[in-house]
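Novice: My structure is stored as start31.cif, with mmCIF, C-alpha atoms (C1' of nucleotides).
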data_final
#
loop_
_atom_site.label_atom_id
_atom_site.label_comp_id
_atom_site.auth_asym_id
_atom_site.auth_seq_id
_atom_site.Cartn_x
_atom_site.Cartn_y
_atom_site.Cartn_z
CA MET V 549 0.00 0.00 0.00
CA SER V 550 2.44 2.56 1.25
CA ASP V 551 6.17 2.73 1.75
CA PRO V 552 7.07 2.43 5.40
CA THR V 553 10.64 3.07 4.34
CA PRO V 554 10.41 5.20 1.22
CA LYS V 555 14.07 5.64 0.29
CA GLN V 556 17.24 6.10 2.39
CA ARG V 557 20.26 6.36 0.23
CA PRO V 558 23.54 4.98 1.65
CA THR V 559 25.61 8.12 1.45
CA ARG V 560 28.89 8.65 3.21
CA GLN V 561 27.29 10.61 6.07
CA ARG V 562 24.32 8.33 6.44
CA SER V 563 26.47 5.22 6.64
CA ALA V 564 28.87 6.75 9.10
CA LEU V 565 25.98 7.83 11.28
CA VAL V 566 24.42 4.40 11.33
CA GLU V 567 27.73 2.89 12.22
CA ALA V 568 28.41 5.39 14.99
CA LEU V 569 24.94 4.86 16.39
CA ALA V 570 25.19 1.10 16.21
CA ASN V 571 28.55 1.16 17.96
CA CYS V 572 27.01 3.15 20.72
CA GLN V 573 25.29 0.77 23.07
CA ASP V 574 23.32 3.49 24.75
CA PHE V 575 20.93 6.32 24.14
CA ILE V 576 22.49 9.42 22.69
CA SER V 577 21.15 12.78 21.60
CA ALA V 578 21.41 14.11 18.08
CA GLN V 579 23.75 16.83 19.23
CA ASP V 580 26.03 14.49 21.10
CA LEU V 581 26.10 12.03 18.26
CA HIS V 582 27.04 14.84 15.91
CA ALA V 583 29.77 16.03 18.27
CA ARG V 584 31.13 12.55 18.63
CA MET V 585 31.17 11.90 14.91
CA THR V 586 32.88 15.20 14.28
CA GLU V 587 35.47 14.40 16.90
CA ASP V 588 36.09 11.09 15.24
CA GLY V 589 36.82 12.85 12.03
CA THR V 590 33.56 12.37 10.16
CA ARG V 591 32.46 15.51 8.40
CA ILE V 592 28.71 15.78 8.77
CA GLY V 593 26.32 18.61 9.43
CA LEU V 594 24.10 18.75 12.47
CA THR V 595 21.11 19.15 10.21
CA THR V 596 21.98 15.95 8.45
CA VAL V 597 22.20 14.12 11.75
CA TYR V 598 18.73 15.30 12.67
CA ARG V 599 17.31 14.30 9.33
CA ALA V 600 18.99 10.91 9.33
CA LEU V 601 17.77 10.14 12.84
CA ARG V 602 14.28 11.17 11.90
CA ASP V 603 14.37 8.79 8.96
CA LEU V 604 15.74 5.97 11.09
CA GLU V 605 12.97 6.58 13.55
CA ALA V 606 10.43 6.37 10.78
CA ALA V 607 12.05 3.16 9.62
CA ASP V 608 11.74 1.78 13.15
CA THR V 609 15.39 0.94 13.46
CA VAL V 610 15.99 3.06 16.55
CA ASP V 611 14.33 3.37 19.92
CA VAL V 612 13.62 6.84 21.18
CA ALA V 613 13.54 8.24 24.69
CA GLN V 614 12.74 11.68 25.98
CA ALA V 615 15.38 13.44 28.01
CA GLY V 616 14.01 16.13 30.22
CA ALA V 617 12.25 18.79 28.22
CA GLY V 618 12.51 18.70 24.49
CA GLU V 619 15.54 16.61 23.94
CA ARG V 620 15.27 13.26 22.31
CA LEU V 621 17.67 10.38 22.70
CA TYR V 622 18.15 7.65 20.16
CA ARG V 623 19.41 4.13 20.57
CA TRP V 624 20.18 1.71 17.81
CA ARG V 625 17.85 -1.27 17.81
CA PRO V 626 19.79 -4.43 16.88
CA ALA V 627 16.96 -6.91 16.81
CA GLY V 628 13.73 -6.37 14.97
CA ARG V 629 11.26 -5.66 17.72
CA HIS V 630 11.17 -2.53 19.73
CA ARG V 631 12.38 -2.62 23.30
CA HIS V 632 11.96 -0.72 26.51
CA TYR V 633 14.79 0.36 28.76
CA LEU V 634 15.78 1.07 32.31
CA ILE V 635 17.96 4.15 32.30
CA CYS V 636 20.15 5.38 35.12
CA ARG V 637 19.36 8.98 35.92
CA ALA V 638 22.84 9.47 37.34
CA CYS V 639 25.14 8.10 34.71
CA GLY V 640 22.84 7.65 31.75
CA SER V 641 23.56 4.01 31.11
CA SER V 642 20.65 2.02 29.77
CA ARG V 643 19.73 -1.63 29.72
CA PRO V 644 16.86 -3.25 27.92
CA VAL V 645 14.24 -4.90 30.10
CA ASP V 646 11.81 -7.70 29.48
CA SER V 647 8.53 -6.07 28.59
CA GLU V 648 6.33 -8.91 27.44
CA VAL V 649 3.85 -8.08 30.14
CA VAL V 650 3.55 -4.51 29.06
CA GLU V 651 3.21 -5.43 25.42
CA GLU V 652 0.31 -7.70 26.23
CA TRP V 653 -1.23 -5.16 28.51
CA ALA V 654 -1.01 -2.52 25.80
CA GLY V 655 -2.57 -4.90 23.34
CA ARG V 656 -5.45 -5.59 25.64
CA ILE V 657 -6.07 -1.92 26.27
CA ALA V 658 -6.07 -1.36 22.54
CA ALA V 659 -8.61 -4.07 21.98
CA ASP V 660 -10.86 -3.14 24.88
CA SER V 661 -10.88 0.54 24.13
CA GLY V 662 -11.74 0.28 20.49
CA PHE V 663 -8.91 2.64 19.67
CA ALA V 664 -7.03 1.90 16.47
CA ALA V 665 -3.32 2.05 15.76
CA VAL V 666 -2.46 2.07 19.43
CA GLU V 667 1.17 2.77 20.17
CA HIS V 668 2.90 2.92 23.49
CA THR V 669 5.85 4.57 25.14
CA VAL V 670 7.35 3.09 28.26
CA GLU V 671 10.37 4.47 30.01
CA LEU V 672 11.90 3.32 33.26
CA THR V 673 14.46 5.43 35.06
CA GLY V 674 16.25 4.95 38.34
CA VAL V 675 19.65 4.97 39.96
CA CYS V 676 21.82 2.00 39.10
CA ILE V 677 23.74 0.09 41.72
CA GLY V 678 27.01 1.71 40.87
CA CYS V 679 25.53 5.16 41.35
CA GLN V 680 23.83 4.46 44.66
CA PRO V 681 25.38 6.14 47.69
CA THR V 682 26.09 3.50 50.33
CA THR V 683 23.77 4.75 53.03
CA GLY V 684 25.85 4.32 56.15
CA GLU V 685 29.50 4.14 55.34
CA GLY V 686 31.70 6.11 53.04
CA LYS V 687 29.78 6.91 49.92
CA LEU V 688 31.45 6.03 46.68
CA PRO V 689 32.04 8.72 44.12
CA SER V 690 29.39 9.27 41.52
CA CYS V 691 29.98 6.49 39.05
CA PRO V 692 32.58 3.79 39.66
CA TRP V 693 32.66 2.82 36.06
CA SER V 694 34.51 3.65 32.95
CA PRO V 695 36.28 6.95 33.55
CA ASP V 696 34.67 8.59 30.61
CA TRP V 697 31.09 8.89 31.65
CA GLU V 698 30.62 12.01 33.49
CA THR V 699 27.58 13.45 31.90
CA PRO V 700 24.45 13.07 33.99
CA ARG V 701 22.65 11.98 30.87
CA HIS V 702 23.90 10.72 27.49
CA ARG V 703 27.54 9.73 27.43
CA ALA V 704 28.30 6.11 27.28
CA PRO V 705 31.48 4.10 27.39
CA GLY V 706 31.05 1.99 24.33
CA CYS V 707 29.99 5.03 22.38
CA GLY V 708 32.60 6.07 19.91
CA SER V 709 35.57 7.81 21.43
CA MET E 128 13.03 14.93 56.46
CA SER E 129 12.40 17.13 53.50
CA ASP E 130 9.42 19.06 52.20
CA PRO E 131 7.98 17.36 49.17
CA THR E 132 5.72 20.38 48.86
CA PRO E 133 7.77 23.26 50.25
CA LYS E 134 5.36 26.15 49.96
CA GLN E 135 2.77 27.07 47.31
CA ARG E 136 0.97 30.20 48.31
CA PRO E 137 -2.65 30.50 47.19
CA THR E 138 -2.38 33.67 45.16
CA ARG E 139 -4.98 34.92 42.74
CA GLN E 140 -3.13 33.54 39.72
CA ARG E 141 -2.20 30.26 41.32
CA SER E 142 -5.77 29.57 42.41
CA ALA E 143 -7.20 30.49 39.06
CA LEU E 144 -4.72 28.23 37.35
CA VAL E 145 -5.54 25.26 39.52
CA GLU E 146 -9.21 25.79 38.89
CA ALA E 147 -8.77 26.11 35.16
CA LEU E 148 -6.62 23.00 35.07
CA ALA E 149 -9.01 21.02 37.23
CA ASN E 150 -11.95 22.04 35.07
CA CYS E 151 -10.10 20.78 32.06
CA GLN E 152 -10.60 17.05 31.85
CA ASP E 153 -7.76 16.60 29.45
CA PHE E 154 -4.11 17.21 28.91
CA ILE E 155 -3.22 20.75 28.04
CA SER E 156 0.02 22.56 27.35
CA ALA E 157 1.30 25.46 29.39
CA GLN E 158 0.83 27.79 26.47
CA ASP E 159 -2.69 26.69 25.75
CA LEU E 160 -3.65 26.90 29.38
CA HIS E 161 -2.28 30.40 29.51
CA ALA E 162 -4.15 31.38 26.38
CA ARG E 163 -7.37 29.94 27.71
CA MET E 164 -7.07 31.66 31.05
CA THR E 165 -6.30 34.94 29.36
CA GLU E 166 -9.33 34.54 27.11
CA ASP E 167 -11.43 33.87 30.14
CA GLY E 168 -10.35 37.14 31.63
CA THR E 169 -7.74 35.97 34.10
CA ARG E 170 -4.68 38.16 34.01
CA ILE E 171 -1.66 35.90 34.39
CA GLY E 172 1.77 35.81 32.81
CA LEU E 173 2.98 32.90 30.79
CA THR E 174 6.01 32.68 33.05
CA THR E 175 3.77 32.26 36.04
CA VAL E 176 1.90 29.47 34.33
CA TYR E 177 5.12 27.63 33.69
CA ARG E 178 6.27 28.09 37.25
CA ALA E 179 2.97 27.06 38.75
CA LEU E 180 2.79 23.95 36.61
CA ARG E 181 6.31 23.05 37.56
CA ASP E 182 5.39 23.33 41.22
CA LEU E 183 2.25 21.28 40.75
CA GLU E 184 4.31 18.66 39.03
CA ALA E 185 6.71 18.61 41.95
CA ALA E 186 3.76 18.30 44.28
CA ASP E 187 2.51 15.34 42.25
CA THR E 188 -0.90 16.79 41.66
CA VAL E 189 -0.70 16.65 37.90
CA ASP E 190 0.14 13.98 35.36
CA VAL E 191 2.50 14.91 32.58
CA ALA E 192 2.69 13.74 28.99
CA GLN E 193 5.08 14.59 26.21
CA ALA E 194 3.64 16.03 23.05
CA GLY E 195 5.85 15.62 20.04
CA ALA E 196 9.21 17.24 20.58
CA GLY E 197 9.71 19.34 23.63
CA GLU E 198 6.18 20.24 24.55
CA ARG E 199 4.75 19.03 27.79
CA LEU E 200 1.11 18.52 28.54
CA TYR E 201 -0.38 18.59 32.00
CA ARG E 202 -3.50 17.02 33.32
CA TRP E 203 -5.01 17.58 36.72
CA ARG E 204 -4.95 14.46 38.86
CA PRO E 205 -8.14 14.23 40.91
CA ALA E 206 -7.34 11.14 42.92
CA GLY E 207 -4.12 10.62 44.80
CA ARG E 208 -2.27 8.05 42.75
CA HIS E 209 -0.76 8.72 39.43
CA ARG E 210 -2.45 7.39 36.36
CA HIS E 211 -1.67 6.49 32.80
CA TYR E 212 -3.72 7.51 29.80
CA LEU E 213 -4.80 6.52 26.36
CA ILE E 214 -4.69 9.60 24.19
CA CYS E 215 -6.27 10.04 20.78
CA ARG E 216 -3.74 11.28 18.29
CA ALA E 217 -6.45 12.77 16.15
CA CYS E 218 -8.53 14.78 18.56
CA GLY E 219 -6.36 14.82 21.65
CA SER E 220 -8.93 13.46 24.08
CA SER E 221 -7.56 11.34 26.87
CA ARG E 222 -8.98 8.65 29.12
CA PRO E 223 -7.29 7.05 32.05
CA VAL E 224 -6.63 3.33 31.76
CA ASP E 225 -6.22 0.60 34.31
CA SER E 226 -2.52 0.13 34.80
CA GLU E 227 -2.20 -2.19 37.77
CA VAL E 228 -0.32 -4.65 35.62
CA VAL E 229 2.23 -2.11 34.58
CA GLU E 230 2.70 -0.82 38.08
CA GLU E 231 3.50 -4.30 39.28
CA TRP E 232 5.72 -4.98 36.35
CA ALA E 233 7.64 -1.77 37.01
CA GLY E 234 7.99 -2.72 40.65
CA ARG E 235 9.36 -6.10 39.77
CA ILE E 236 11.87 -4.63 37.34
CA ALA E 237 12.96 -2.23 40.02
CA ALA E 238 13.51 -5.02 42.51
CA ASP E 239 15.21 -7.40 40.10
CA SER E 240 17.52 -4.80 38.63
CA GLY E 241 18.81 -3.44 41.87
CA PHE E 242 18.15 0.07 40.65
CA ALA E 243 16.89 2.51 43.25
CA ALA E 244 14.19 5.14 43.02
CA VAL E 245 12.77 3.63 39.87
CA GLU E 246 10.16 5.76 38.17
CA HIS E 247 8.21 5.01 35.04
CA THR E 248 6.53 6.80 32.22
CA VAL E 249 3.83 5.08 30.22
CA GLU E 250 1.91 6.68 27.42
CA LEU E 251 -0.61 5.08 25.12
CA THR E 252 -1.77 6.80 21.97
CA GLY E 253 -4.10 5.73 19.23
CA VAL E 254 -7.09 6.80 17.20
CA CYS E 255 -10.36 6.76 19.07
CA ILE E 256 -13.50 5.27 17.62
CA GLY E 257 -14.96 8.62 16.77
CA CYS E 258 -11.91 9.59 14.80
CA GLN E 259 -11.63 6.36 12.83
CA PRO E 260 -12.55 6.74 9.18
CA THR E 261 -15.28 4.21 8.41
CA THR E 262 -13.48 2.39 5.65
CA GLY E 263 -16.28 1.92 3.21
CA GLU E 264 -19.30 4.08 3.91
CA GLY E 265 -19.83 7.70 4.87
CA LYS E 266 -17.32 8.82 7.46
CA LEU E 267 -18.66 10.32 10.63
CA PRO E 268 -17.67 13.79 11.78
CA SER E 269 -14.70 14.27 14.04
CA CYS E 270 -15.45 12.95 17.49
CA PRO E 271 -18.84 11.87 18.82
CA TRP E 272 -18.24 10.52 22.31
CA SER E 273 -18.99 10.80 25.95
CA PRO E 274 -19.79 14.39 26.74
CA ASP E 275 -16.83 14.75 29.01
CA TRP E 276 -13.94 14.12 26.73
CA GLU E 277 -14.14 16.15 23.66
CA THR E 278 -10.91 18.03 23.45
CA PRO E 279 -9.83 18.51 19.88
CA ARG E 280 -6.11 18.49 20.34
CA HIS E 281 -5.84 20.79 23.39
CA ARG E 282 -8.85 22.95 23.15
CA ALA E 283 -11.76 21.65 25.00
CA PRO E 284 -15.26 22.95 25.35
CA GLY E 285 -15.38 21.75 28.90
CA CYS E 286 -12.08 23.41 29.56
CA GLY E 287 -12.76 26.83 30.79
CA SER E 288 -14.51 28.99 28.22
"C1'" DA J 421 8.53 42.95 57.58
"C1'" DT J 422 9.63 39.35 54.36
"C1'" DA J 423 9.86 35.20 52.03
"C1'" DG J 424 7.63 33.86 48.19
"C1'" DG J 425 5.11 35.22 43.80
"C1'" DT J 426 4.58 37.91 39.44
"C1'" DG J 427 5.55 39.51 34.84
"C1'" DC J 428 8.14 41.48 31.11
"C1'" DA J 429 11.85 41.14 28.23
"C1'" DA J 430 15.80 38.56 27.02
"C1'" DA J 431 18.23 34.12 27.02
"C1'" DA J 432 18.67 29.40 26.24
"C1'" DG J 433 18.23 25.18 23.80
"C1'" DA J 434 16.64 21.78 20.65
"C1'" DT J 435 14.86 20.93 16.27
"C1'" DT J 436 13.21 22.49 11.70
"C1'" DT J 437 13.25 24.93 7.27
"C1'" DG J 438 14.74 27.71 3.03
"C1'" DC J 439 17.79 27.21 -0.52
"C1'" DA J 440 21.62 26.47 -3.55
"C1'" DA J 441 25.14 23.16 -4.45
"C1'" DC J 442 26.17 18.13 -4.64
"C1'" DT J 443 25.92 12.97 -5.48
"C1'" DG J 444 24.72 8.09 -5.85
"C1'" DG J 445 22.19 4.93 -8.91
"C1'" DC Z 668 20.05 12.87 -15.67
"C1'" DC Z 669 17.41 13.28 -11.29
"C1'" DA Z 670 15.44 12.34 -7.16
"C1'" DG Z 671 17.31 12.32 -2.89
"C1'" DT Z 672 21.10 14.61 0.18
"C1'" DT Z 673 23.84 17.93 2.31
"C1'" DG Z 674 24.98 21.94 5.05
"C1'" DC Z 675 24.82 26.66 6.42
"C1'" DA Z 676 22.27 30.26 8.20
"C1'" DA Z 677 18.04 31.79 9.78
"C1'" DA Z 678 13.72 30.75 11.75
"C1'" DT Z 679 10.60 28.32 15.16
"C1'" DC Z 680 9.12 26.95 19.44
"C1'" DT Z 681 8.91 25.82 24.07
"C1'" DT Z 682 10.75 26.62 28.45
"C1'" DT Z 683 13.93 29.15 31.65
"C1'" DT Z 684 16.14 33.20 33.81
"C1'" DG Z 685 17.34 38.02 35.37
"C1'" DC Z 686 15.37 41.58 37.77
"C1'" DA Z 687 12.54 44.96 39.81
"C1'" DC Z 688 8.07 45.25 41.68
"C1'" DC Z 689 4.01 43.16 44.30
"C1'" DT Z 690 1.56 40.55 48.20
"C1'" DA Z 691 -0.01 37.02 51.28
"C1'" DT Z 692 1.14 35.76 56.01
#
Show me this structure written as structure tokens.
Specialist:
Amino acid sequence: MSDPTPKQRPTRQRSALVEALANCQDFISAQDLHARMTEDGTRIGLTTVYRALRDLEAADTVDVAQAGAGERLYRWRPAGRHRHYLICRACGSSRPVDSEVVEEWAGRIAADSGFAAVEHTVELTGVCIGCQPTTGEGKLPSCPWSPDWETPRHRAPGCGS
Amino acid sequence: MSDPTPKQRPTRQRSALVEALANCQDFISAQDLHARMTEDGTRIGLTTVYRALRDLEAADTVDVAQAGAGERLYRWRPAGRHRHYLICRACGSSRPVDSEVVEEWAGRIAADSGFAAVEHTVELTGVCIGCQPTTGEGKLPSCPWSPDWETPRHRAPGCGS
DNA sequence: ATAGGTGCAAAAGATTTGCAACTGG
DNA sequence: CCAGTTGCAAATCTTTTGCACCTAT
């Protein structure tokens, strides 16, 4: 009937972006991804990053999360089906969670309500073990992990640099 | 220990805002709420609306939803517990849904993962019956439902005016 | 009296768009 | 060749902030 994925030409920028995003095992914002790619030597415009991400989103090959107000984070989706994640509010790391239950629940709601084309957004956030201050004794620093994640949000170890 | 709801002084603007929001049975953006209040004769600054909504959010008396990129919608929360909604993408009307299942699921994830202070965001969107084009025959008008949810994409009859 | 609230104008950010030049199939 | 891409600058849009002036308690 229609083209879920109209075109998408494998240009130099587009390919590099997909690779950078796939290498990144976490959510990352368009701006950060652009910065990272630029750092790594890829010449690409911020506008292009936005447009490419938008297309990938339309093609359902990335998962999207909202960061605070008006900032969207993208994460490459290896497998076919969409996933939901548990994101650490302190260090930004994310891990996929089993969401069968929610999927079914959403399906039931859809059926019972009579609504069509029901879509859902589910986001879990918390403070991961590594970022939890040990209540009584000496509290560890912020994030006892890879030395390069210092951004409260986006900024993952496996990501690029 | 701390004050979840530090202050909140019942000023003219604040009170009017709460009333307007409570009267509105649907999600509404800060800008729209401001516009509506202004239309209705309440003199209030947009800044104040933003600040009041932020405080209400902190006080957990409103539910928040994300609209597209970087626009937040607020909905007055009558009962105590938070709720999740099914929102029509065509007309914007929203109806709370039973989310026990999801609450439990979220709790389990929290426990199993070891993450602390786990919070969740769940949003369901679809096309309500009234907005569904009747495939073959004559298509009904926009949205013929229960008299209390009729907001056409933020702009409800029941809301204020 | 005074801590908190208000509002205007300006600032901040993130994302989108106009447009002319470019490129992969 | 030609539809799709790119990138820069400018434009949009929503939300936040600086600051001086009000106002409940």
Novice: Compute the distance from (1.6, 32.0, 40.0) to each atom, counting all atoms listed in the file, keep the residues with any atom at most 12 Å away, and return them as a PyMOL selection string; use the coordinates of the file.
Specialist: (chain E and resi 135-145+161+169-183) or (chain J and resi 424-427) or (chain Z and resi 690)
Novice: How would you write, as a PyMOL selection string, the residues chosen by the PyMOL selection byres ((chain V) within 12 of (chain E)) on this structure?
Specialist: chain V and resi 602+612-621+632-638+641-682
Novice: Report as a PyMOL selection string the full result of the PyMOL selection byres ((chain J and resi 436) around 9) when it is applied to this structure.
Specialist: (chain V and resi 595) or (chain J and resi 435+437) or (chain Z and resi 678-679)
Novice: Taking all atoms listed in the file into account, find every residue of chain Z that has an atom no more than 9 Å from chain E, and write it out as a ChimeraX atom specification.
Specialist: /Z:680-683,690-691
Novice: Just the number, please: distance in Å from atom CA of Arg208 of chain E to atom CA of Ala149 of chain E, one decimal.
Specialist: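 For atom CA of Arg208 of chain E relative to atom CA of Ala149 of chain E, the distance reads 15.6 Å.
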Novice: Pick out the closest residue to Glu605 of chain V from this set: V:Gly589, V:Asp580, V:Asp574, V:Arg625. Count all atoms listed in the file.
Specialist: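 Looking at the shortest contact to Glu605 of chain V, the residue is V:Arg625.
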Novice: Near chain V, meaning an atom within 10 Å, which residues of chain J appear when counting all atoms listed in the file? Write them as a PyMOL selection string.
Specialist: chain J and resi 433-436+443-445
Novice: Give me, please, the distance in Å between atom C1' of DG438 of chain J and atom CA of Ala607 of chain V, quoted to one decimal.
Specialist: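 Pair atom C1' of DG438 of chain J / atom CA of Ala607 of chain V returns 25.6 Å.
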Novice: Quick one: distance from atom C1' of DA430 of chain J to atom C1' of DA676 of chain Z in Å, one decimal?
Specialist: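 Separation of atom C1' of DA430 of chain J and atom C1' of DA676 of chain Z: 21.6 Å.
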Novice: Fewer than 5 positions away in the same chain doesn't count, so skip those; otherwise give me all residues within 12 Å of DC442 of chain J, counting all atoms listed in the file, as a PyMOL selection string.
Specialist: (chain V and resi 559) or (chain Z and resi 671-674)
Novice: Could you save the residues just selected, with C-alpha atoms (C1' of nucleotides), as an mmCIF file, keeping the file's coordinate frame?
Specialist:
data_model
loop_
_atom_site.group_PDB
_atom_site.id
_atom_site.type_symbol
_atom_site.label_atom_id
_atom_site.label_comp_id
_atom_site.auth_asym_id
_atom_site.auth_seq_id
_atom_site.Cartn_x
_atom_site.Cartn_y
_atom_site.Cartn_z
ATOM 1 C CA THR V 559 25.610 8.120 1.450
ATOM 2 C "C1'" DG Z 671 17.310 12.320 -2.890
ATOM 3 C "C1'" DT Z 672 21.100 14.610 0.180
ATOM 4 C "C1'" DT Z 673 23.840 17.930 2.310
ATOM 5 C "C1'" DG Z 674 24.980 21.940 5.050
#
Novice: I'd like the contact shell of Pro205 of chain E - 12 Å cut-off, only C-alpha atoms (C1' of nucleotides), skipping same-chain residues fewer than 3 positions apart - returned as a ChimeraX atom specification.
Specialist: /E:145-146,148-153,187-190,202,208-210,223
Novice: Since the input is missing atoms for segment 619-635 of chain V, could you rebuild it with N, CA and C atoms and give the result as a PDB file, keeping the file's coordinate frame?
Specialist:
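Ended up saving to result_1.pdb:
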ATOM      1  N   GLU V 619      14.326  17.171  24.516  1.00  0.00           N
ATOM      2  CA  GLU V 619      15.540  16.610  23.940  1.00  0.00           C
ATOM      3  C   GLU V 619      15.264  15.145  23.731  1.00  0.00           C
ATOM      4  N   ARG V 620      15.549  14.657  22.563  1.00  0.00           N
ATOM      5  CA  ARG V 620      15.270  13.260  22.310  1.00  0.00           C
ATOM      6  C   ARG V 620      16.551  12.457  22.184  1.00  0.00           C
ATOM      7  N   LEU V 621      16.508  11.245  22.737  1.00  0.00           N
ATOM      8  CA  LEU V 621      17.670  10.380  22.700  1.00  0.00           C
ATOM      9  C   LEU V 621      17.354   9.178  21.818  1.00  0.00           C
ATOM     10  N   TYR V 622      18.348   8.774  21.049  1.00  0.00           N
ATOM     11  CA  TYR V 622      18.150   7.650  20.160  1.00  0.00           C
ATOM     12  C   TYR V 622      19.073   6.505  20.518  1.00  0.00           C
ATOM     13  N   ARG V 623      18.571   5.301  20.329  1.00  0.00           N
ATOM     14  CA  ARG V 623      19.410   4.130  20.570  1.00  0.00           C
ATOM     15  C   ARG V 623      19.162   3.131  19.462  1.00  0.00           C
ATOM     16  N   TRP V 624      20.266   2.656  18.904  1.00  0.00           N
ATOM     17  CA  TRP V 624      20.180   1.710  17.810  1.00  0.00           C
ATOM     18  C   TRP V 624      19.450   0.457  18.271  1.00  0.00           C
ATOM     19  N   ARG V 625      18.584  -0.070  17.446  1.00  0.00           N
ATOM     20  CA  ARG V 625      17.850  -1.270  17.810  1.00  0.00           C
ATOM     21  C   ARG V 625      18.341  -2.449  16.978  1.00  0.00           C
ATOM     22  N   PRO V 626      19.185  -3.285  17.566  1.00  0.00           N
ATOM     23  CA  PRO V 626      19.790  -4.430  16.880  1.00  0.00           C
ATOM     24  C   PRO V 626      18.735  -5.381  16.325  1.00  0.00           C
ATOM     25  N   ALA V 627      17.967  -5.944  17.230  1.00  0.00           N
ATOM     26  CA  ALA V 627      16.960  -6.910  16.810  1.00  0.00           C
ATOM     27  C   ALA V 627      15.833  -6.193  16.074  1.00  0.00           C
ATOM     28  N   GLY V 628      14.837  -6.956  15.709  1.00  0.00           N
ATOM     29  CA  GLY V 628      13.730  -6.370  14.970  1.00  0.00           C
ATOM     30  C   GLY V 628      12.733  -5.629  15.832  1.00  0.00           C
ATOM     31  N   ARG V 629      12.302  -6.251  16.903  1.00  0.00           N
ATOM     32  CA  ARG V 629      11.260  -5.660  17.720  1.00  0.00           C
ATOM     33  C   ARG V 629      11.728  -4.501  18.579  1.00  0.00           C
ATOM     34  N   HIS V 630      10.808  -3.674  18.900  1.00  0.00           N
ATOM     35  CA  HIS V 630      11.170  -2.530  19.730  1.00  0.00           C
ATOM     36  C   HIS V 630      11.364  -3.016  21.156  1.00  0.00           C
ATOM     37  N   ARG V 631      12.075  -2.229  21.936  1.00  0.00           N
ATOM     38  CA  ARG V 631      12.380  -2.620  23.300  1.00  0.00           C
ATOM     39  C   ARG V 631      12.120  -1.460  24.229  1.00  0.00           C
ATOM     40  N   HIS V 632      12.126  -1.776  25.516  1.00  0.00           N
ATOM     41  CA  HIS V 632      11.960  -0.720  26.510  1.00  0.00           C
ATOM     42  C   HIS V 632      13.186  -0.799  27.380  1.00  0.00           C
ATOM     43  N   TYR V 633      13.556   0.324  27.981  1.00  0.00           N
ATOM     44  CA  TYR V 633      14.790   0.360  28.760  1.00  0.00           C
ATOM     45  C   TYR V 633      14.676   0.929  30.166  1.00  0.00           C
ATOM     46  N   LEU V 634      15.671   0.554  30.944  1.00  0.00           N
ATOM     47  CA  LEU V 634      15.780   1.070  32.310  1.00  0.00           C
ATOM     48  C   LEU V 634      17.030   1.930  32.231  1.00  0.00           C
ATOM     49  N   ILE V 635      16.847   3.212  32.432  1.00  0.00           N
ATOM     50  CA  ILE V 635      17.960   4.150  32.300  1.00  0.00           C
ATOM     51  C   ILE V 635      18.376   4.735  33.646  1.00  0.00           C
TER      52      ILE V 635
END
